[in-house]
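A.B. asks: Got a structure for you, written out below as structure tokens; questions coming shortly.
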Amino acid sequence: MLIVLSPAKSLDYKTPVKAKAPTLPEFVSESAKLIADLKKLSPQEVANLMGLSDQLAALNVGRYRDWSKKFTEENSRPAIYAFNGDVYDGFDVKTLNQKTLDFAQDHIRILSGLYGALRPLDLMQPYRLEMGTSFQNARGKDLYAFWGERVTNSLKAVLEKQKKPFLLNLASDEYFKVLQAKNLDCPVISPVFQDGKDGKYKIISFYAKRARGLMARYVVENRISNPVDLNGFNVDGYKYVASESTEEKPLFKRPERK
């Protein structure tokens, strides 16, 4: 089993962390190529490209300028601690023990516009570059063209070593599109999370993102290796709905909170 997650826009490089044996990203040389192109952009060009305010654009121009091929404790931190969005609130890495974190290191990949794919303990320097950005580069018109089959092949190599491989897709469509899923040669399971609201069940983005983090945590805590065991996910009020599920898209619903 391998889980894929999306990164978060919000980052936390202030809260102290004690991570044992941080690792280096697989695609540092590829990231450096993107950074070299990003450094050529003015703050206004970055703002236009990414739809950012002038303040955020200036912040990220500084990040590109300071980015280095050398990753240290001073300029980077493990990815799972650096991302600070809804998914990572649900995952709540700070409360995981070391054995569970070690399992997560082997079974989670965070898809990234700049880094391709990150293991939880891979060191990461701060950045902003969403996968869906139409950033012209030497390999094509966008980041999907830049990464090509590189991320897919990386994940495939991991999955091929497993006895019963399957990919648990807990990423957004924007990030999952970087994978050529059919080339992974294993089942791909993409859970759906719906919440009750006004008498109907629907996907509510904020809750669905957090639920993805909750499920990722559930999987690593319980060392799940069989897709059927995902159906036991019953965290924070969510329950599996067999009658509306398929093998590829299990549905989990949570009643409206009163």
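Following the order of the structure tokens, first chain is A, next is B, and so on, with residues numbered from 1 inside each chain and ligands from 1 in the order they appear.
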What's the 6 Å shell around A:Ile108, counting only C-alpha atoms, without same-chain residues fewer than 2 positions away, as a PyMOL selection string?

C.D. replies: chain A and resi 2-4+104-105

A.B. asks: Go through stretch 86-210 of chain A and collect every residue that DSSP, computed from the backbone, puts in strand (DSSP E or B); the answer should be as an NGL selection string.

C.D. replies: :A and (108-112 or 116-118 or 122-124 or 137 or 140 or 167-170 or 188-189 or 192-197 or 200-202)

A.B. asks: Keeping N, CA and C atoms for every residue in the selection just given, could you write it to a file as a compact mmCIF listing (two decimals), in the first residue's frame?

C.D. replies:
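Wrote part.txt, looks like this:
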# COMPACT_ATOMS: atom_id res chain seq x y z
N ILE A 108 3.86 6.69 2.57
CA ILE A 108 3.22 7.95 2.16
C ILE A 108 4.14 8.71 1.22
N ARG A 109 3.54 9.27 0.17
CA ARG A 109 4.25 10.21 -0.70
C ARG A 109 3.39 11.46 -0.85
N ILE A 110 4.01 12.62 -0.63
CA ILE A 110 3.33 13.90 -0.78
C ILE A 110 3.71 14.45 -2.16
N LEU A 111 2.74 14.57 -3.03
CA LEU A 111 2.99 15.07 -4.38
C LEU A 111 3.26 16.57 -4.32
N SER A 112 4.17 17.05 -5.15
CA SER A 112 4.60 18.44 -5.04
C SER A 112 4.99 19.01 -6.39
N GLY A 116 8.24 17.09 -6.80
CA GLY A 116 7.78 15.85 -7.43
C GLY A 116 7.03 14.98 -6.46
N ALA A 117 7.75 14.29 -5.60
CA ALA A 117 7.15 13.46 -4.56
C ALA A 117 8.08 13.47 -3.35
N LEU A 118 7.49 13.66 -2.19
CA LEU A 118 8.24 13.73 -0.95
C LEU A 118 7.80 12.63 0.01
N ASP A 122 11.36 13.68 4.37
CA ASP A 122 12.25 14.38 3.44
C ASP A 122 12.33 15.85 3.80
N LEU A 123 13.54 16.37 3.87
CA LEU A 123 13.73 17.79 4.16
C LEU A 123 13.19 18.63 3.00
N MET A 124 12.55 19.73 3.35
CA MET A 124 11.91 20.58 2.36
C MET A 124 12.16 22.04 2.69
N ASN A 137 8.29 25.59 -19.20
CA ASN A 137 9.62 25.11 -18.85
C ASN A 137 10.21 24.36 -20.06
N GLY A 140 7.98 21.57 -21.49
CA GLY A 140 6.61 21.77 -21.95
C GLY A 140 5.94 22.98 -21.34
N LEU A 167 -2.65 1.58 -4.53
CA LEU A 167 -2.43 3.00 -4.28
C LEU A 167 -3.67 3.60 -3.66
N LEU A 168 -3.51 4.23 -2.52
CA LEU A 168 -4.61 4.92 -1.86
C LEU A 168 -4.51 6.41 -2.21
N ASN A 169 -5.41 6.85 -3.06
CA ASN A 169 -5.37 8.22 -3.55
C ASN A 169 -6.13 9.14 -2.60
N LEU A 170 -5.38 9.87 -1.79
CA LEU A 170 -5.97 10.87 -0.89
C LEU A 170 -5.51 12.28 -1.31
N VAL A 188 -6.11 1.26 -7.83
CA VAL A 188 -6.08 2.63 -7.29
C VAL A 188 -7.42 2.88 -6.60
N ILE A 189 -7.36 3.21 -5.33
CA ILE A 189 -8.57 3.43 -4.54
C ILE A 189 -8.65 4.90 -4.15
N VAL A 192 -14.22 8.67 -1.14
CA VAL A 192 -15.05 9.86 -1.22
C VAL A 192 -15.62 10.14 0.16
N PHE A 193 -15.52 11.39 0.59
CA PHE A 193 -16.02 11.77 1.92
C PHE A 193 -17.14 12.80 1.76
N GLN A 194 -18.29 12.47 2.29
CA GLN A 194 -19.44 13.37 2.22
C GLN A 194 -19.94 13.72 3.62
N ASP A 195 -20.40 14.95 3.75
CA ASP A 195 -20.95 15.41 5.01
C ASP A 195 -22.40 15.83 4.83
N GLY A 196 -23.20 15.58 5.85
CA GLY A 196 -24.59 16.00 5.81
C GLY A 196 -24.73 17.50 6.00
N LYS A 197 -25.55 18.12 5.15
CA LYS A 197 -25.83 19.55 5.28
C LYS A 197 -27.19 19.85 4.67
N LYS A 200 -29.01 16.95 3.07
CA LYS A 200 -28.39 16.23 1.96
C LYS A 200 -26.93 15.94 2.27
N TYR A 201 -26.40 14.91 1.61
CA TYR A 201 -24.98 14.60 1.75
C TYR A 201 -24.22 15.11 0.53
N LYS A 202 -23.11 15.79 0.79
CA LYS A 202 -22.29 16.28 -0.31
C LYS A 202 -20.85 16.45 0.15

A.B. asks: Select from stretch 119-181 of chain A every residue with an atom at most 9 Å from any atom of stretch 32-51 of chain A, then for each give the shortest pair of atoms and their distance in Å to one decimal, using only C-alpha atoms, rows by chain and rising number, as JSON lines.

C.D. replies:
{"residue": "A:Arg128", "atom": "CA", "partner": "A:Met50", "partner_atom": "CA", "distance": 8.7}
{"residue": "A:Leu129", "atom": "CA", "partner": "A:Met50", "partner_atom": "CA", "distance": 7.8}
{"residue": "A:Glu130", "atom": "CA", "partner": "A:Met50", "partner_atom": "CA", "distance": 8.1}
{"residue": "A:Thr133", "atom": "CA", "partner": "A:Met50", "partner_atom": "CA", "distance": 6.8}
{"residue": "A:Ser134", "atom": "CA", "partner": "A:Leu49", "partner_atom": "CA", "distance": 7.5}
{"residue": "A:Phe135", "atom": "CA", "partner": "A:Leu49", "partner_atom": "CA", "distance": 7.5}
{"residue": "A:Asn137", "atom": "CA", "partner": "A:Asp37", "partner_atom": "CA", "distance": 7.5}
{"residue": "A:Phe146", "atom": "CA", "partner": "A:Leu34", "partner_atom": "CA", "distance": 8.9}

A.B. asks: Just the selected residues (N, CA, C and O atoms), exported as a PDB file, in the first residue's frame, please.

C.D. replies:
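Dumped everything to result-v1.pdb:
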ATOM      1  N   ARG A 128       6.352  27.962  -2.940  1.00  0.00           N
ATOM      2  CA  ARG A 128       4.977  27.993  -3.427  1.00  0.00           C
ATOM      3  C   ARG A 128       5.034  27.689  -4.916  1.00  0.00           C
ATOM      4  O   ARG A 128       5.587  28.457  -5.703  1.00  0.00           O
ATOM      5  N   LEU A 129       4.496  26.557  -5.317  1.00  0.00           N
ATOM      6  CA  LEU A 129       4.424  26.194  -6.731  1.00  0.00           C
ATOM      7  C   LEU A 129       3.422  25.053  -6.852  1.00  0.00           C
ATOM      8  O   LEU A 129       3.770  23.888  -6.708  1.00  0.00           O
ATOM      9  N   GLU A 130       2.184  25.420  -7.130  1.00  0.00           N
ATOM     10  CA  GLU A 130       1.140  24.410  -7.208  1.00  0.00           C
ATOM     11  C   GLU A 130       1.255  23.615  -8.505  1.00  0.00           C
ATOM     12  O   GLU A 130       1.659  24.137  -9.537  1.00  0.00           O
ATOM     13  N   THR A 133      -0.065  24.893 -11.885  1.00  0.00           N
ATOM     14  CA  THR A 133       0.448  26.153 -12.424  1.00  0.00           C
ATOM     15  C   THR A 133       0.919  25.983 -13.870  1.00  0.00           C
ATOM     16  O   THR A 133       1.667  25.059 -14.191  1.00  0.00           O
ATOM     17  N   SER A 134       0.484  26.861 -14.753  1.00  0.00           N
ATOM     18  CA  SER A 134       0.900  26.808 -16.163  1.00  0.00           C
ATOM     19  C   SER A 134       2.263  27.474 -16.311  1.00  0.00           C
ATOM     20  O   SER A 134       2.390  28.575 -16.869  1.00  0.00           O
ATOM     21  N   PHE A 135       3.263  26.799 -15.790  1.00  0.00           N
ATOM     22  CA  PHE A 135       4.618  27.344 -15.776  1.00  0.00           C
ATOM     23  C   PHE A 135       5.419  26.757 -16.924  1.00  0.00           C
ATOM     24  O   PHE A 135       5.788  25.593 -16.913  1.00  0.00           O
ATOM     25  N   ASN A 137       8.287  25.592 -19.202  1.00  0.00           N
ATOM     26  CA  ASN A 137       9.615  25.111 -18.854  1.00  0.00           C
ATOM     27  C   ASN A 137      10.207  24.355 -20.055  1.00  0.00           C
ATOM     28  O   ASN A 137       9.555  24.211 -21.084  1.00  0.00           O
ATOM     29  N   PHE A 146       6.645  18.842 -17.170  1.00  0.00           N
ATOM     30  CA  PHE A 146       7.978  18.816 -16.563  1.00  0.00           C
ATOM     31  C   PHE A 146       8.244  17.488 -15.863  1.00  0.00           C
ATOM     32  O   PHE A 146       9.300  16.879 -16.031  1.00  0.00           O
TER      33      PHE A 146
END

A.B. asks: Just the residues within 10 Å of A:Phe176, please, counting only C-alpha atoms, with nothing from its chain fewer than 2 positions along; format it as a ChimeraX atom specification.

C.D. replies: /A:4-6,111,131,169-174,178-181

A.B. asks: Write out as a list in words the residues lying within 12 Å of A:Asp229, counting only C-alpha atoms and excluding same-chain residues fewer than 4 positions away.

C.D. replies: Met1, Met215, Tyr218, Val219, Asn222, Arg223, Ile224, Ser225, Phe233, Asn234, Tyr240, Glu247 and Pro250 of chain A

A.B. asks: Go ahead and compute the interatomic distance for atom CA of A:Gly148 and atom CA of A:Glu160, in Å to one decimal.

C.D. replies: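 Taking atom CA of A:Gly148 and atom CA of A:Glu160, their separation equals 19.6 Å.
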
A.B. asks: Quick check for you: according to DSSP on this backbone, which residues of stretch 34-182 of chain A are classed as helix (DSSP H, G or I)? Reply as a ChimeraX atom specification.

C.D. replies: /A:34-38,43-50,54-66,79-82,86-91,93-95,98-107,143-147,150-159,173-176,181-182

A.B. asks: Mind writing the picked residues with C-alpha atoms as a PDB file, in the first residue's frame?

C.D. replies:
ATOM      1  CA  LEU A  34      12.643  24.585 -11.738  1.00  0.00           C
ATOM      2  CA  ILE A  35      14.174  26.965  -9.209  1.00  0.00           C
ATOM      3  CA  ALA A  36      16.631  28.225 -11.841  1.00  0.00           C
ATOM      4  CA  ASP A  37      13.673  29.190 -14.042  1.00  0.00           C
ATOM      5  CA  LEU A  38      11.647  30.612 -11.156  1.00  0.00           C
ATOM      6  CA  PRO A  43       7.667  39.671  -8.249  1.00  0.00           C
ATOM      7  CA  GLN A  44       4.963  40.921 -10.607  1.00  0.00           C
ATOM      8  CA  GLU A  45       5.433  37.941 -12.922  1.00  0.00           C
ATOM      9  CA  VAL A  46       5.160  35.555  -9.965  1.00  0.00           C
ATOM     10  CA  ALA A  47       2.026  37.355  -8.793  1.00  0.00           C
ATOM     11  CA  ASN A  48       0.432  37.029 -12.239  1.00  0.00           C
ATOM     12  CA  LEU A  49       1.504  33.412 -12.735  1.00  0.00           C
ATOM     13  CA  MET A  50       0.186  32.184  -9.404  1.00  0.00           C
ATOM     14  CA  ASP A  54       2.196  41.498  -4.070  1.00  0.00           C
ATOM     15  CA  GLN A  55       3.236  40.559  -0.525  1.00  0.00           C
ATOM     16  CA  LEU A  56       3.044  36.814  -1.155  1.00  0.00           C
ATOM     17  CA  ALA A  57       4.768  37.183  -4.509  1.00  0.00           C
ATOM     18  CA  ALA A  58       7.671  39.030  -2.882  1.00  0.00           C
ATOM     19  CA  LEU A  59       7.883  36.351  -0.165  1.00  0.00           C
ATOM     20  CA  ASN A  60       8.183  33.599  -2.743  1.00  0.00           C
ATOM     21  CA  VAL A  61      10.672  35.470  -4.907  1.00  0.00           C
ATOM     22  CA  GLY A  62      12.812  35.543  -1.763  1.00  0.00           C
ATOM     23  CA  ARG A  63      12.276  31.812  -1.251  1.00  0.00           C
ATOM     24  CA  TYR A  64      13.414  31.032  -4.782  1.00  0.00           C
ATOM     25  CA  ARG A  65      16.461  33.260  -4.330  1.00  0.00           C
ATOM     26  CA  ASP A  66      17.447  31.549  -1.073  1.00  0.00           C
ATOM     27  CA  ALA A  79       7.776  17.873   4.848  1.00  0.00           C
ATOM     28  CA  ILE A  80       5.180  16.271   7.114  1.00  0.00           C
ATOM     29  CA  TYR A  81       5.927  18.939   9.748  1.00  0.00           C
ATOM     30  CA  ALA A  82       6.223  21.820   7.279  1.00  0.00           C
ATOM     31  CA  ASP A  86      -6.501  20.849   6.579  1.00  0.00           C
ATOM     32  CA  VAL A  87      -5.096  17.465   5.502  1.00  0.00           C
ATOM     33  CA  TYR A  88      -2.192  17.830   7.913  1.00  0.00           C
ATOM     34  CA  ASP A  89      -4.456  18.977  10.704  1.00  0.00           C
ATOM     35  CA  GLY A  90      -6.283  15.665  10.295  1.00  0.00           C
ATOM     36  CA  PHE A  91      -3.033  13.685  10.127  1.00  0.00           C
ATOM     37  CA  VAL A  93       1.880  14.116  12.977  1.00  0.00           C
ATOM     38  CA  LYS A  94       2.940  15.602  16.324  1.00  0.00           C
ATOM     39  CA  THR A  95       0.968  12.942  18.196  1.00  0.00           C
ATOM     40  CA  GLN A  98       8.226   6.922  16.090  1.00  0.00           C
ATOM     41  CA  LYS A  99       7.255   3.431  14.854  1.00  0.00           C
ATOM     42  CA  THR A 100       4.140   4.816  13.191  1.00  0.00           C
ATOM     43  CA  LEU A 101       6.149   7.664  11.697  1.00  0.00           C
ATOM     44  CA  ASP A 102       8.652   5.139  10.318  1.00  0.00           C
ATOM     45  CA  PHE A 103       5.758   3.250   8.711  1.00  0.00           C
ATOM     46  CA  ALA A 104       4.440   6.506   7.250  1.00  0.00           C
ATOM     47  CA  GLN A 105       7.876   7.220   5.788  1.00  0.00           C
ATOM     48  CA  ASP A 106       7.668   4.006   3.783  1.00  0.00           C
ATOM     49  CA  HIS A 107       3.999   4.266   2.813  1.00  0.00           C
ATOM     50  CA  LEU A 143       4.451  21.109 -14.496  1.00  0.00           C
ATOM     51  CA  TYR A 144       2.700  17.952 -15.662  1.00  0.00           C
ATOM     52  CA  ALA A 145       4.941  18.069 -18.720  1.00  0.00           C
ATOM     53  CA  PHE A 146       7.978  18.816 -16.563  1.00  0.00           C
ATOM     54  CA  TRP A 147       7.492  15.807 -14.293  1.00  0.00           C
ATOM     55  CA  ARG A 150       9.285  10.626 -13.242  1.00  0.00           C
ATOM     56  CA  VAL A 151       6.906  10.648 -10.278  1.00  0.00           C
ATOM     57  CA  THR A 152       4.930   7.698 -11.632  1.00  0.00           C
ATOM     58  CA  ASN A 153       8.082   5.619 -12.048  1.00  0.00           C
ATOM     59  CA  SER A 154       9.250   6.530  -8.550  1.00  0.00           C
ATOM     60  CA  LEU A 155       6.003   5.329  -7.001  1.00  0.00           C
ATOM     61  CA  LYS A 156       5.903   2.264  -9.219  1.00  0.00           C
ATOM     62  CA  ALA A 157       9.332   1.193  -7.960  1.00  0.00           C
ATOM     63  CA  VAL A 158       8.024   1.291  -4.386  1.00  0.00           C
ATOM     64  CA  LEU A 159       4.808  -0.551  -5.199  1.00  0.00           C
ATOM     65  CA  ASP A 173      -7.432  15.953  -8.715  1.00  0.00           C
ATOM     66  CA  GLU A 174      -4.899  18.707  -9.446  1.00  0.00           C
ATOM     67  CA  TYR A 175      -2.078  16.697  -7.910  1.00  0.00           C
ATOM     68  CA  PHE A 176      -3.203  13.188  -8.800  1.00  0.00           C
ATOM     69  CA  ALA A 181      -2.198   5.740 -12.819  1.00  0.00           C
ATOM     70  CA  LYS A 182      -2.680   3.016 -15.433  1.00  0.00           C
TER      71      LYS A 182
END

A.B. asks: Separation of atom CA of A:Leu114 and atom CA of A:Val28, in Å?

C.D. replies: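 According to the coordinates, atom CA of A:Leu114 and atom CA of A:Val28 are separated by 9.2 Å.
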
A.B. asks: Would you work out the distance separating atom CA of A:Lys14 from atom CA of A:Glu26, expressed in Å to one decimal?

C.D. replies: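 Those two atoms sit 24.7 Å apart.
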
A.B. asks: Please determine, counting only C-alpha atoms, which residue among A:Pro227, A:Pro78, A:Gly199, A:Pro191 has the shortest atom-to-atom distance to A:Leu214.

C.D. replies: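 Of A:Pro227, A:Pro78, A:Gly199, A:Pro191, the one nearest A:Leu214, counting only C-alpha atoms, is A:Pro191.
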
A.B. asks: Nearest to A:Gly213 among A:Asn226, A:Asn84, A:Thr15, A:Ser243, with distances taken over only C-alpha atoms: which residue is it?

C.D. replies: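 Once distances to A:Gly213 are computed over only C-alpha atoms, the minimum belongs to A:Asn84.
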